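As structure tokens, the structure follows; a few thoughts come after it.
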Amino acid sequence: MPKVGIVLGTGLGELATQITERQEIPYGEIPNFPISTVEGHSGKLIIGKLGDTKVLAMQGRFHFYEGYSMKEVTFPVRVMKELGVETLLLSNAAGGMNPDFKIGELMIIKDHINLFPEHPLRGKNYDELGTRFPDMCKAYDPQLRDKAKAIAAKYGIRIKEGVYVGTQGPTFETPAEYKFFATIGGDAVGMSTVPEVIVAVHAGIKVFAMSIITDLGVDGKVVEVSHEEVQRVANSVQPNMTKIMMELISE
């Protein structure tokens, strides 16, 4: 069974084409799985190999803003744990608030700020799934982050490291919200990833996550943005993201 799980976000589903010896299962055929409703998220679970490593990949993820509960959004992570996944890799598109960032850059997530209105661990805790109060001080595995930075340096890929702010969505941020998120310590903001990471940490899974900076919310540089533009930028940077992810998985 696979030891590595992958959640492929907006514009990054093409990494799935690199998976060999593959079996595809549409989400609609999996008991209790939600159905992805977002353009650019195809909605399949893929089991196979990336290089010599067995992987389980979600091609299309679920978001709180689609109307799902946090339990539904994070249910695939629970399934991955039961199937033996020990390391989870996630990707997303995000808006950058750090003035040093540029559109199209990659950011390794080193920490997050959770601003979702519902917590995925709210309610009764089941000890067999994880502890009641999980420690989040190293939610994003430091060793995996160091390896990814070394891989990026080897290939001359410009990369940043920063704090991801998770929000409900589905609206993109106002200039005042961008400024607020930067003030409280955020470098980039998006509408996913945080719930999956919390549940992965609860389940004892190591986590690595990266963002593509698809738009800017820097004071004085706020640009109008659309979902189509986010996808366009994400697709343009996809080869660099794929290269880092592939080598990280092989290591």
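Chain labels A, B, ... are given in the sequence in which chains occur in the structure tokens; within each chain residues are numbered consecutively from 1, and ligands are likewise numbered from 1 in the order shown.
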Query raised in the report: Residues at most 8 Å from segment 43-45 of chain A, counting only C-alpha atoms, excluding those fewer than 2 positions away in the same chain, as a PyMOL selection string?
Result: chain A and resi 24-27+35-36+41+47+56-61
Keeping all heavy atoms for every residue in the selection just given, could you write it to a file as a compact mmCIF listing (two decimals), in the first residue's frame?
# COMPACT_ATOMS: atom_id res chain seq x y z
N GLU A 24 -7.49 4.32 -11.23
CA GLU A 24 -8.26 5.53 -10.95
C GLU A 24 -9.64 5.17 -10.41
O GLU A 24 -10.31 4.28 -10.94
CB GLU A 24 -8.41 6.39 -12.21
CG GLU A 24 -7.09 6.86 -12.78
CD GLU A 24 -7.28 7.76 -14.00
OE1 GLU A 24 -8.45 7.96 -14.42
OE2 GLU A 24 -6.28 8.27 -14.52
N ILE A 25 -10.02 5.85 -9.35
CA ILE A 25 -11.34 5.63 -8.76
C ILE A 25 -12.05 6.98 -8.65
O ILE A 25 -11.63 7.85 -7.88
CB ILE A 25 -11.24 5.01 -7.35
CG1 ILE A 25 -10.32 3.78 -7.36
CG2 ILE A 25 -12.62 4.64 -6.83
CD1 ILE A 25 -10.01 3.24 -5.99
N PRO A 26 -13.12 7.22 -9.43
CA PRO A 26 -13.87 8.47 -9.29
C PRO A 26 -14.42 8.62 -7.87
O PRO A 26 -14.84 7.63 -7.25
CB PRO A 26 -15.00 8.31 -10.30
CG PRO A 26 -14.51 7.29 -11.28
CD PRO A 26 -13.66 6.36 -10.48
N TYR A 27 -14.42 9.84 -7.37
CA TYR A 27 -14.89 10.07 -6.01
C TYR A 27 -16.32 9.55 -5.80
O TYR A 27 -16.68 9.08 -4.73
CB TYR A 27 -14.85 11.56 -5.67
CG TYR A 27 -13.46 12.14 -5.53
CD1 TYR A 27 -13.24 13.50 -5.67
CD2 TYR A 27 -12.36 11.33 -5.25
CE1 TYR A 27 -11.97 14.05 -5.53
CE2 TYR A 27 -11.09 11.85 -5.11
CZ TYR A 27 -10.89 13.22 -5.26
OH TYR A 27 -9.65 13.75 -5.12
N ILE A 35 -18.08 15.12 -3.56
CA ILE A 35 -17.77 15.31 -4.98
C ILE A 35 -17.24 16.72 -5.16
O ILE A 35 -17.87 17.70 -4.74
CB ILE A 35 -19.02 15.12 -5.87
CG1 ILE A 35 -19.65 13.74 -5.60
CG2 ILE A 35 -18.66 15.27 -7.33
CD1 ILE A 35 -18.78 12.57 -5.98
N SER A 36 -16.08 16.86 -5.81
CA SER A 36 -15.50 18.18 -6.04
C SER A 36 -16.35 18.95 -7.05
O SER A 36 -16.72 18.43 -8.10
CB SER A 36 -14.07 18.05 -6.56
OG SER A 36 -13.49 19.32 -6.73
N HIS A 41 -10.71 20.99 -10.73
CA HIS A 41 -10.54 19.87 -9.81
C HIS A 41 -11.34 18.69 -10.36
O HIS A 41 -12.56 18.70 -10.33
CB HIS A 41 -11.04 20.24 -8.41
CG HIS A 41 -10.19 21.27 -7.73
ND1 HIS A 41 -9.40 20.99 -6.63
CD2 HIS A 41 -10.00 22.58 -8.00
CE1 HIS A 41 -8.77 22.09 -6.25
NE2 HIS A 41 -9.12 23.06 -7.06
N ILE A 47 -4.17 5.68 -7.56
CA ILE A 47 -3.20 4.85 -6.86
C ILE A 47 -2.19 4.34 -7.88
O ILE A 47 -2.58 3.86 -8.95
CB ILE A 47 -3.88 3.67 -6.15
CG1 ILE A 47 -4.94 4.17 -5.17
CG2 ILE A 47 -2.86 2.81 -5.41
CD1 ILE A 47 -5.85 3.09 -4.64
N LEU A 56 -0.66 7.65 -3.32
CA LEU A 56 -2.11 7.76 -3.37
C LEU A 56 -2.40 9.24 -3.58
O LEU A 56 -2.08 10.06 -2.72
CB LEU A 56 -2.73 7.26 -2.08
CG LEU A 56 -4.26 7.34 -1.93
CD1 LEU A 56 -4.93 6.40 -2.91
CD2 LEU A 56 -4.65 6.97 -0.50
N ALA A 57 -2.96 9.61 -4.73
CA ALA A 57 -3.12 11.02 -5.06
C ALA A 57 -4.58 11.41 -5.21
O ALA A 57 -5.36 10.69 -5.84
CB ALA A 57 -2.37 11.35 -6.36
N MET A 58 -4.93 12.55 -4.60
CA MET A 58 -6.25 13.14 -4.80
C MET A 58 -6.16 14.14 -5.94
O MET A 58 -5.50 15.18 -5.82
CB MET A 58 -6.72 13.87 -3.54
CG MET A 58 -7.14 12.98 -2.41
SD MET A 58 -7.74 13.98 -1.01
CE MET A 58 -9.21 14.74 -1.75
N GLN A 59 -6.79 13.85 -7.06
CA GLN A 59 -6.84 14.80 -8.17
C GLN A 59 -8.15 15.58 -8.04
O GLN A 59 -9.18 15.21 -8.56
CB GLN A 59 -6.76 14.07 -9.52
CG GLN A 59 -6.52 15.02 -10.69
CD GLN A 59 -6.26 14.29 -11.98
OE1 GLN A 59 -6.72 13.17 -12.16
NE2 GLN A 59 -5.53 14.90 -12.89
N GLY A 60 -8.05 16.67 -7.29
CA GLY A 60 -9.24 17.43 -6.93
C GLY A 60 -9.50 17.29 -5.44
O GLY A 60 -9.57 16.18 -4.92
N ARG A 61 -9.61 18.43 -4.76
CA ARG A 61 -9.85 18.40 -3.32
C ARG A 61 -11.20 19.03 -3.01
O ARG A 61 -11.89 19.55 -3.88
CB ARG A 61 -8.72 19.15 -2.58
CG ARG A 61 -8.58 20.62 -2.99
CD ARG A 61 -8.18 21.51 -1.84
NE ARG A 61 -7.00 21.09 -1.11
CZ ARG A 61 -5.76 21.54 -1.34
NH1 ARG A 61 -5.56 22.43 -2.28
NH2 ARG A 61 -4.74 21.13 -0.60
Closest pair table for segment 117-221 of chain A residues within 7 Å of segment 69-78 of chain A, only C-alpha atoms, as JSON lines:
{"residue": "A:Glu118", "atom": "CA", "partner": "A:Met70", "partner_atom": "CA", "distance": 6.9}
{"residue": "A:His119", "atom": "CA", "partner": "A:Met70", "partner_atom": "CA", "distance": 6.8}
{"residue": "A:Pro120", "atom": "CA", "partner": "A:Met70", "partner_atom": "CA", "distance": 4.8}
{"residue": "A:Pro195", "atom": "CA", "partner": "A:Thr74", "partner_atom": "CA", "distance": 6.5}
{"residue": "A:Glu196", "atom": "CA", "partner": "A:Thr74", "partner_atom": "CA", "distance": 5.3}
{"residue": "A:Val199", "atom": "CA", "partner": "A:Thr74", "partner_atom": "CA", "distance": 6.7}
{"residue": "A:Ala200", "atom": "CA", "partner": "A:Val77", "partner_atom": "CA", "distance": 6.4}
**Report entry** All helix (DSSP H, G or I) residues (DSSP, backbone) inside segment 1-227 of chain A, as number ranges by chain
**Finding:** A: 13-18, 27-29, 64-66, 70-82, 142-155, 175-183, 194-202, 227
Mind running segment 53-147 of chain A against segment 157-180 of chain A at 8 Å and telling me each contacting residue's nearest atom pair with the distance in Å (one decimal), counting only C-alpha atoms, chain and number ascending, as JSON lines?
{"residue": "A:Phe64", "atom": "CA", "partner": "A:Gln168", "partner_atom": "CA", "distance": 6.4}
{"residue": "A:Tyr65", "atom": "CA", "partner": "A:Pro170", "partner_atom": "CA", "distance": 5.7}
{"residue": "A:Met97", "atom": "CA", "partner": "A:Tyr178", "partner_atom": "CA", "distance": 6.3}
{"residue": "A:Phe101", "atom": "CA", "partner": "A:Lys160", "partner_atom": "CA", "distance": 7.8}
{"residue": "A:Glu105", "atom": "CA", "partner": "A:Ile159", "partner_atom": "CA", "distance": 6.4}
{"residue": "A:Leu106", "atom": "CA", "partner": "A:Ile159", "partner_atom": "CA", "distance": 5.1}
{"residue": "A:Met107", "atom": "CA", "partner": "A:Lys160", "partner_atom": "CA", "distance": 4.5}
{"residue": "A:Ile108", "atom": "CA", "partner": "A:Glu161", "partner_atom": "CA", "distance": 4.6}
{"residue": "A:Ile109", "atom": "CA", "partner": "A:Gly162", "partner_atom": "CA", "distance": 5.3}
{"residue": "A:Lys110", "atom": "CA", "partner": "A:Gly162", "partner_atom": "CA", "distance": 5.6}
{"residue": "A:Asp111", "atom": "CA", "partner": "A:Val163", "partner_atom": "CA", "distance": 4.9}
{"residue": "A:His112", "atom": "CA", "partner": "A:Tyr164", "partner_atom": "CA", "distance": 4.6}
{"residue": "A:Ile113", "atom": "CA", "partner": "A:Val165", "partner_atom": "CA", "distance": 4.7}
{"residue": "A:Asn114", "atom": "CA", "partner": "A:Gly166", "partner_atom": "CA", "distance": 5.2}
{"residue": "A:Leu115", "atom": "CA", "partner": "A:Thr167", "partner_atom": "CA", "distance": 5.2}
{"residue": "A:Phe116", "atom": "CA", "partner": "A:Thr167", "partner_atom": "CA", "distance": 5.1}
{"residue": "A:Pro117", "atom": "CA", "partner": "A:Gln168", "partner_atom": "CA", "distance": 7.1}
Could you save the residues just selected, with all heavy atoms, as a compact mmCIF listing (two decimals), in the first residue's frame?
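Written out: part.txt:
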# COMPACT_ATOMS: atom_id res chain seq x y z
N PHE A 64 -14.30 23.97 2.17
CA PHE A 64 -15.36 24.34 3.10
C PHE A 64 -16.40 25.22 2.41
O PHE A 64 -17.60 25.11 2.67
CB PHE A 64 -14.72 25.06 4.30
CG PHE A 64 -15.68 25.36 5.42
CD1 PHE A 64 -16.29 24.35 6.14
CD2 PHE A 64 -15.96 26.67 5.77
CE1 PHE A 64 -17.17 24.63 7.19
CE2 PHE A 64 -16.82 26.97 6.82
CZ PHE A 64 -17.43 25.94 7.52
N TYR A 65 -15.94 26.11 1.50
CA TYR A 65 -16.87 27.04 0.85
C TYR A 65 -17.84 26.35 -0.10
O TYR A 65 -18.85 26.94 -0.51
CB TYR A 65 -16.12 28.16 0.12
CG TYR A 65 -15.26 27.73 -1.05
CD1 TYR A 65 -15.80 27.31 -2.26
CD2 TYR A 65 -13.88 27.77 -0.96
CE1 TYR A 65 -15.02 26.92 -3.33
CE2 TYR A 65 -13.07 27.40 -2.01
CZ TYR A 65 -13.65 26.98 -3.19
OH TYR A 65 -12.85 26.59 -4.24
N MET A 97 0.93 38.28 0.33
CA MET A 97 0.93 39.58 1.03
C MET A 97 2.34 40.07 1.32
O MET A 97 2.53 41.22 1.68
CB MET A 97 0.18 39.48 2.37
CG MET A 97 -1.32 39.34 2.27
SD MET A 97 -1.85 37.62 2.28
CE MET A 97 -1.39 37.06 3.91
N PHE A 101 7.40 38.96 -2.44
CA PHE A 101 6.88 37.93 -3.34
C PHE A 101 6.55 38.51 -4.71
O PHE A 101 6.22 39.68 -4.85
CB PHE A 101 5.63 37.29 -2.75
CG PHE A 101 5.89 36.37 -1.58
CD1 PHE A 101 7.16 36.22 -1.05
CD2 PHE A 101 4.85 35.66 -0.99
CE1 PHE A 101 7.40 35.38 0.03
CE2 PHE A 101 5.08 34.82 0.08
CZ PHE A 101 6.35 34.67 0.59
N GLU A 105 5.73 32.78 -8.13
CA GLU A 105 6.75 32.17 -7.27
C GLU A 105 6.14 31.04 -6.44
O GLU A 105 4.92 30.97 -6.24
CB GLU A 105 7.36 33.21 -6.33
CG GLU A 105 8.32 34.15 -7.03
CD GLU A 105 9.07 35.03 -6.05
OE1 GLU A 105 8.47 35.48 -5.06
OE2 GLU A 105 10.27 35.28 -6.30
N LEU A 106 7.01 30.16 -5.96
CA LEU A 106 6.60 29.07 -5.09
C LEU A 106 6.94 29.40 -3.65
O LEU A 106 8.00 29.98 -3.38
CB LEU A 106 7.32 27.77 -5.49
CG LEU A 106 7.06 27.25 -6.91
CD1 LEU A 106 7.92 26.02 -7.17
CD2 LEU A 106 5.59 26.92 -7.10
N MET A 107 6.06 29.05 -2.73
CA MET A 107 6.29 29.27 -1.31
C MET A 107 6.12 27.96 -0.55
O MET A 107 5.06 27.34 -0.61
CB MET A 107 5.32 30.32 -0.74
CG MET A 107 5.57 30.66 0.73
SD MET A 107 4.27 31.67 1.50
CE MET A 107 3.10 30.38 2.01
N ILE A 108 7.16 27.54 0.14
CA ILE A 108 7.05 26.41 1.06
C ILE A 108 6.34 26.91 2.31
O ILE A 108 6.72 27.93 2.88
CB ILE A 108 8.44 25.86 1.43
CG1 ILE A 108 9.12 25.26 0.20
CG2 ILE A 108 8.34 24.82 2.54
CD1 ILE A 108 10.56 24.85 0.44
N ILE A 109 5.29 26.22 2.73
CA ILE A 109 4.56 26.63 3.93
C ILE A 109 5.31 26.13 5.16
O ILE A 109 5.57 24.93 5.30
CB ILE A 109 3.12 26.09 3.92
CG1 ILE A 109 2.38 26.60 2.68
CG2 ILE A 109 2.38 26.51 5.19
CD1 ILE A 109 0.96 26.06 2.55
N LYS A 110 5.70 27.06 6.04
CA LYS A 110 6.39 26.68 7.27
C LYS A 110 5.46 26.70 8.48
O LYS A 110 5.78 26.13 9.53
CB LYS A 110 7.59 27.59 7.52
CG LYS A 110 7.25 29.06 7.79
CD LYS A 110 8.50 29.88 8.06
CE LYS A 110 8.17 31.33 8.37
NZ LYS A 110 9.40 32.13 8.62
N ASP A 111 4.31 27.38 8.35
CA ASP A 111 3.36 27.47 9.45
C ASP A 111 2.05 28.01 8.87
O ASP A 111 2.00 28.46 7.73
CB ASP A 111 3.89 28.41 10.53
CG ASP A 111 3.29 28.13 11.92
OD1 ASP A 111 2.28 27.39 11.99
OD2 ASP A 111 3.80 28.67 12.91
N HIS A 112 0.99 27.97 9.66
CA HIS A 112 -0.27 28.54 9.18
C HIS A 112 -1.00 29.28 10.29
O HIS A 112 -0.72 29.10 11.48
CB HIS A 112 -1.16 27.47 8.53
CG HIS A 112 -1.77 26.49 9.48
ND1 HIS A 112 -1.70 25.13 9.33
CD2 HIS A 112 -2.51 26.66 10.62
CE1 HIS A 112 -2.34 24.51 10.31
NE2 HIS A 112 -2.86 25.43 11.11
N ILE A 113 -1.95 30.10 9.87
CA ILE A 113 -2.90 30.77 10.76
C ILE A 113 -4.29 30.32 10.34
O ILE A 113 -4.68 30.53 9.19
CB ILE A 113 -2.77 32.31 10.69
CG1 ILE A 113 -1.37 32.76 11.13
CG2 ILE A 113 -3.84 32.98 11.55
CD1 ILE A 113 -1.08 34.23 10.89
N ASN A 114 -5.00 29.70 11.24
CA ASN A 114 -6.30 29.12 10.92
C ASN A 114 -7.42 30.12 11.20
O ASN A 114 -7.73 30.40 12.36
CB ASN A 114 -6.51 27.84 11.73
CG ASN A 114 -7.85 27.18 11.45
OD1 ASN A 114 -8.49 27.46 10.44
ND2 ASN A 114 -8.27 26.30 12.34
N LEU A 115 -8.05 30.65 10.14
CA LEU A 115 -9.16 31.58 10.30
C LEU A 115 -10.48 31.00 9.80
O LEU A 115 -11.44 31.73 9.59
CB LEU A 115 -8.86 32.90 9.57
CG LEU A 115 -7.68 33.72 10.11
CD1 LEU A 115 -7.53 35.02 9.32
CD2 LEU A 115 -7.83 34.02 11.59
N PHE A 116 -10.51 29.68 9.62
CA PHE A 116 -11.78 29.04 9.24
C PHE A 116 -12.75 29.11 10.42
O PHE A 116 -12.34 28.99 11.58
CB PHE A 116 -11.54 27.57 8.86
CG PHE A 116 -10.96 27.37 7.49
CD1 PHE A 116 -9.59 27.32 7.30
CD2 PHE A 116 -11.79 27.23 6.39
CE1 PHE A 116 -9.05 27.13 6.05
CE2 PHE A 116 -11.26 27.04 5.12
CZ PHE A 116 -9.88 27.00 4.94
N PRO A 117 -14.05 29.27 10.13
CA PRO A 117 -15.03 29.43 11.21
C PRO A 117 -15.40 28.11 11.90
O PRO A 117 -16.08 28.12 12.91
CB PRO A 117 -16.24 30.03 10.50
CG PRO A 117 -16.14 29.54 9.10
CD PRO A 117 -14.66 29.48 8.81
Requested in this report: Write down as a list in words the residues belonging to segment 48-134 of chain A that are assigned strand (DSSP E or B) by DSSP computed on the backbone.
Outcome: Gly48, Lys49, Leu50, Thr53, Lys54, Val55, Leu56, Ala57, Met58, Gln59, Thr87, Leu88, Leu89, Leu90, Ser91, Asn92, Ala93, Ala94, Gly95, Gly96, Leu106, Met107, Ile108, Ile109, Lys110, Asp111, His112, Ile113 and Asn114 of chain A
Put those residues in a file: N, CA, C and O atoms, as a CSV table (one decimal), in the first residue's frame.
chain,number,residue,atom,x,y,z
A,48,GLY,N,-0.9,4.5,-7.6
A,48,GLY,CA,0.1,4.0,-8.5
A,48,GLY,C,1.5,4.4,-8.0
A,48,GLY,O,1.7,4.4,-6.8
A,49,LYS,N,2.4,4.7,-9.0
A,49,LYS,CA,3.8,4.9,-8.6
A,49,LYS,C,4.3,6.2,-9.2
A,49,LYS,O,3.9,6.6,-10.4
A,50,LEU,N,5.0,7.0,-8.5
A,50,LEU,CA,5.8,8.1,-9.0
A,50,LEU,C,7.3,7.7,-8.8
A,50,LEU,O,7.8,7.6,-7.7
A,53,THR,N,8.2,5.0,-6.0
A,53,THR,CA,7.4,5.2,-4.8
A,53,THR,C,6.0,5.0,-5.0
A,53,THR,O,5.4,5.6,-5.9
A,54,LYS,N,5.3,4.2,-4.2
A,54,LYS,CA,3.9,4.0,-4.3
A,54,LYS,C,3.2,5.2,-3.7
A,54,LYS,O,3.5,5.6,-2.6
A,55,VAL,N,2.2,5.8,-4.4
A,55,VAL,CA,1.5,7.0,-4.0
A,55,VAL,C,0.0,6.8,-4.1
A,55,VAL,O,-0.5,6.0,-4.9
A,56,LEU,N,-0.7,7.6,-3.3
A,56,LEU,CA,-2.1,7.8,-3.4
A,56,LEU,C,-2.4,9.2,-3.6
A,56,LEU,O,-2.1,10.1,-2.7
A,57,ALA,N,-3.0,9.6,-4.7
A,57,ALA,CA,-3.1,11.0,-5.1
A,57,ALA,C,-4.6,11.4,-5.2
A,57,ALA,O,-5.4,10.7,-5.8
A,58,MET,N,-4.9,12.5,-4.6
A,58,MET,CA,-6.3,13.1,-4.8
A,58,MET,C,-6.2,14.1,-5.9
A,58,MET,O,-5.5,15.2,-5.8
A,59,GLN,N,-6.8,13.8,-7.1
A,59,GLN,CA,-6.8,14.8,-8.2
A,59,GLN,C,-8.1,15.6,-8.0
A,59,GLN,O,-9.2,15.2,-8.6
A,87,THR,N,3.2,10.0,5.0
A,87,THR,CA,3.6,11.4,4.6
A,87,THR,C,2.6,12.0,3.6
A,87,THR,O,2.2,11.3,2.7
A,88,LEU,N,2.2,13.2,3.9
A,88,LEU,CA,1.2,13.9,3.0
A,88,LEU,C,1.8,15.1,2.4
A,88,LEU,O,2.3,16.0,3.1
A,89,LEU,N,1.7,15.2,1.1
A,89,LEU,CA,2.2,16.4,0.3
A,89,LEU,C,1.0,17.1,-0.2
A,89,LEU,O,0.1,16.5,-0.8
A,90,LEU,N,0.9,18.4,0.0
A,90,LEU,CA,-0.2,19.2,-0.5
A,90,LEU,C,0.3,20.4,-1.3
A,90,LEU,O,1.4,20.9,-1.1
A,91,SER,N,-0.6,20.9,-2.2
A,91,SER,CA,-0.3,22.1,-3.0
A,91,SER,C,-1.5,22.9,-3.1
A,91,SER,O,-2.6,22.4,-3.0
A,92,ASN,N,-1.3,24.2,-3.3
A,92,ASN,CA,-2.4,25.1,-3.5
A,92,ASN,C,-2.0,26.4,-4.2
A,92,ASN,O,-0.8,26.6,-4.4
A,93,ALA,N,-3.0,27.1,-4.6
A,93,ALA,CA,-2.8,28.5,-5.1
A,93,ALA,C,-3.1,29.5,-4.0
A,93,ALA,O,-4.0,29.3,-3.3
A,94,ALA,N,-2.3,30.5,-3.9
A,94,ALA,CA,-2.5,31.5,-2.9
A,94,ALA,C,-2.2,32.9,-3.3
A,94,ALA,O,-1.5,33.1,-4.3
A,95,GLY,N,-2.8,33.9,-2.6
A,95,GLY,CA,-2.5,35.3,-2.8
A,95,GLY,C,-1.4,35.7,-1.9
A,95,GLY,O,-1.4,35.4,-0.7
A,96,GLY,N,-0.4,36.4,-2.4
A,96,GLY,CA,0.8,36.8,-1.6
A,96,GLY,C,0.6,38.2,-1.0
A,96,GLY,O,0.2,39.1,-1.6
A,106,LEU,N,7.0,30.2,-6.0
A,106,LEU,CA,6.6,29.1,-5.1
A,106,LEU,C,6.9,29.4,-3.6
A,106,LEU,O,8.0,30.0,-3.4
A,107,MET,N,6.1,29.1,-2.7
A,107,MET,CA,6.3,29.3,-1.3
A,107,MET,C,6.1,28.0,-0.6
A,107,MET,O,5.1,27.3,-0.6
A,108,ILE,N,7.2,27.5,0.1
A,108,ILE,CA,7.0,26.4,1.1
A,108,ILE,C,6.3,26.9,2.3
A,108,ILE,O,6.7,27.9,2.9
A,109,ILE,N,5.3,26.2,2.7
A,109,ILE,CA,4.6,26.6,3.9
A,109,ILE,C,5.3,26.1,5.2
A,109,ILE,O,5.6,24.9,5.3
A,110,LYS,N,5.7,27.1,6.0
A,110,LYS,CA,6.4,26.7,7.3
A,110,LYS,C,5.5,26.7,8.5
A,110,LYS,O,5.8,26.1,9.5
A,111,ASP,N,4.3,27.4,8.3
A,111,ASP,CA,3.4,27.5,9.5
A,111,ASP,C,2.1,28.0,8.9
A,111,ASP,O,2.0,28.5,7.7
A,112,HIS,N,1.0,28.0,9.7
A,112,HIS,CA,-0.3,28.5,9.2
A,112,HIS,C,-1.0,29.3,10.3
A,112,HIS,O,-0.7,29.1,11.5
A,113,ILE,N,-2.0,30.1,9.9
A,113,ILE,CA,-2.9,30.8,10.8
A,113,ILE,C,-4.3,30.3,10.3
A,113,ILE,O,-4.7,30.5,9.2
A,114,ASN,N,-5.0,29.7,11.2
A,114,ASN,CA,-6.3,29.1,10.9
A,114,ASN,C,-7.4,30.1,11.2
A,114,ASN,O,-7.7,30.4,12.4
Query - Selected residue, from A:Gln143, A:Asn32, A:Thr20, A:Gln231, that lies nearest to Ile212 of chain A when counting only C-alpha atoms - result: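 Residue with the minimum atom-to-atom distance to Ile212 of chain A: A:Gln231.
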Requested in this report: Would you mind telling me which residue in A:Ala182, A:Ala188, A:Val201, A:Leu83 lies nearest to Phe133 of chain A when using only C-alpha atoms?
Outcome: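 Using only C-alpha atoms, the shortest distance to Phe133 of chain A belongs to A:Val201.
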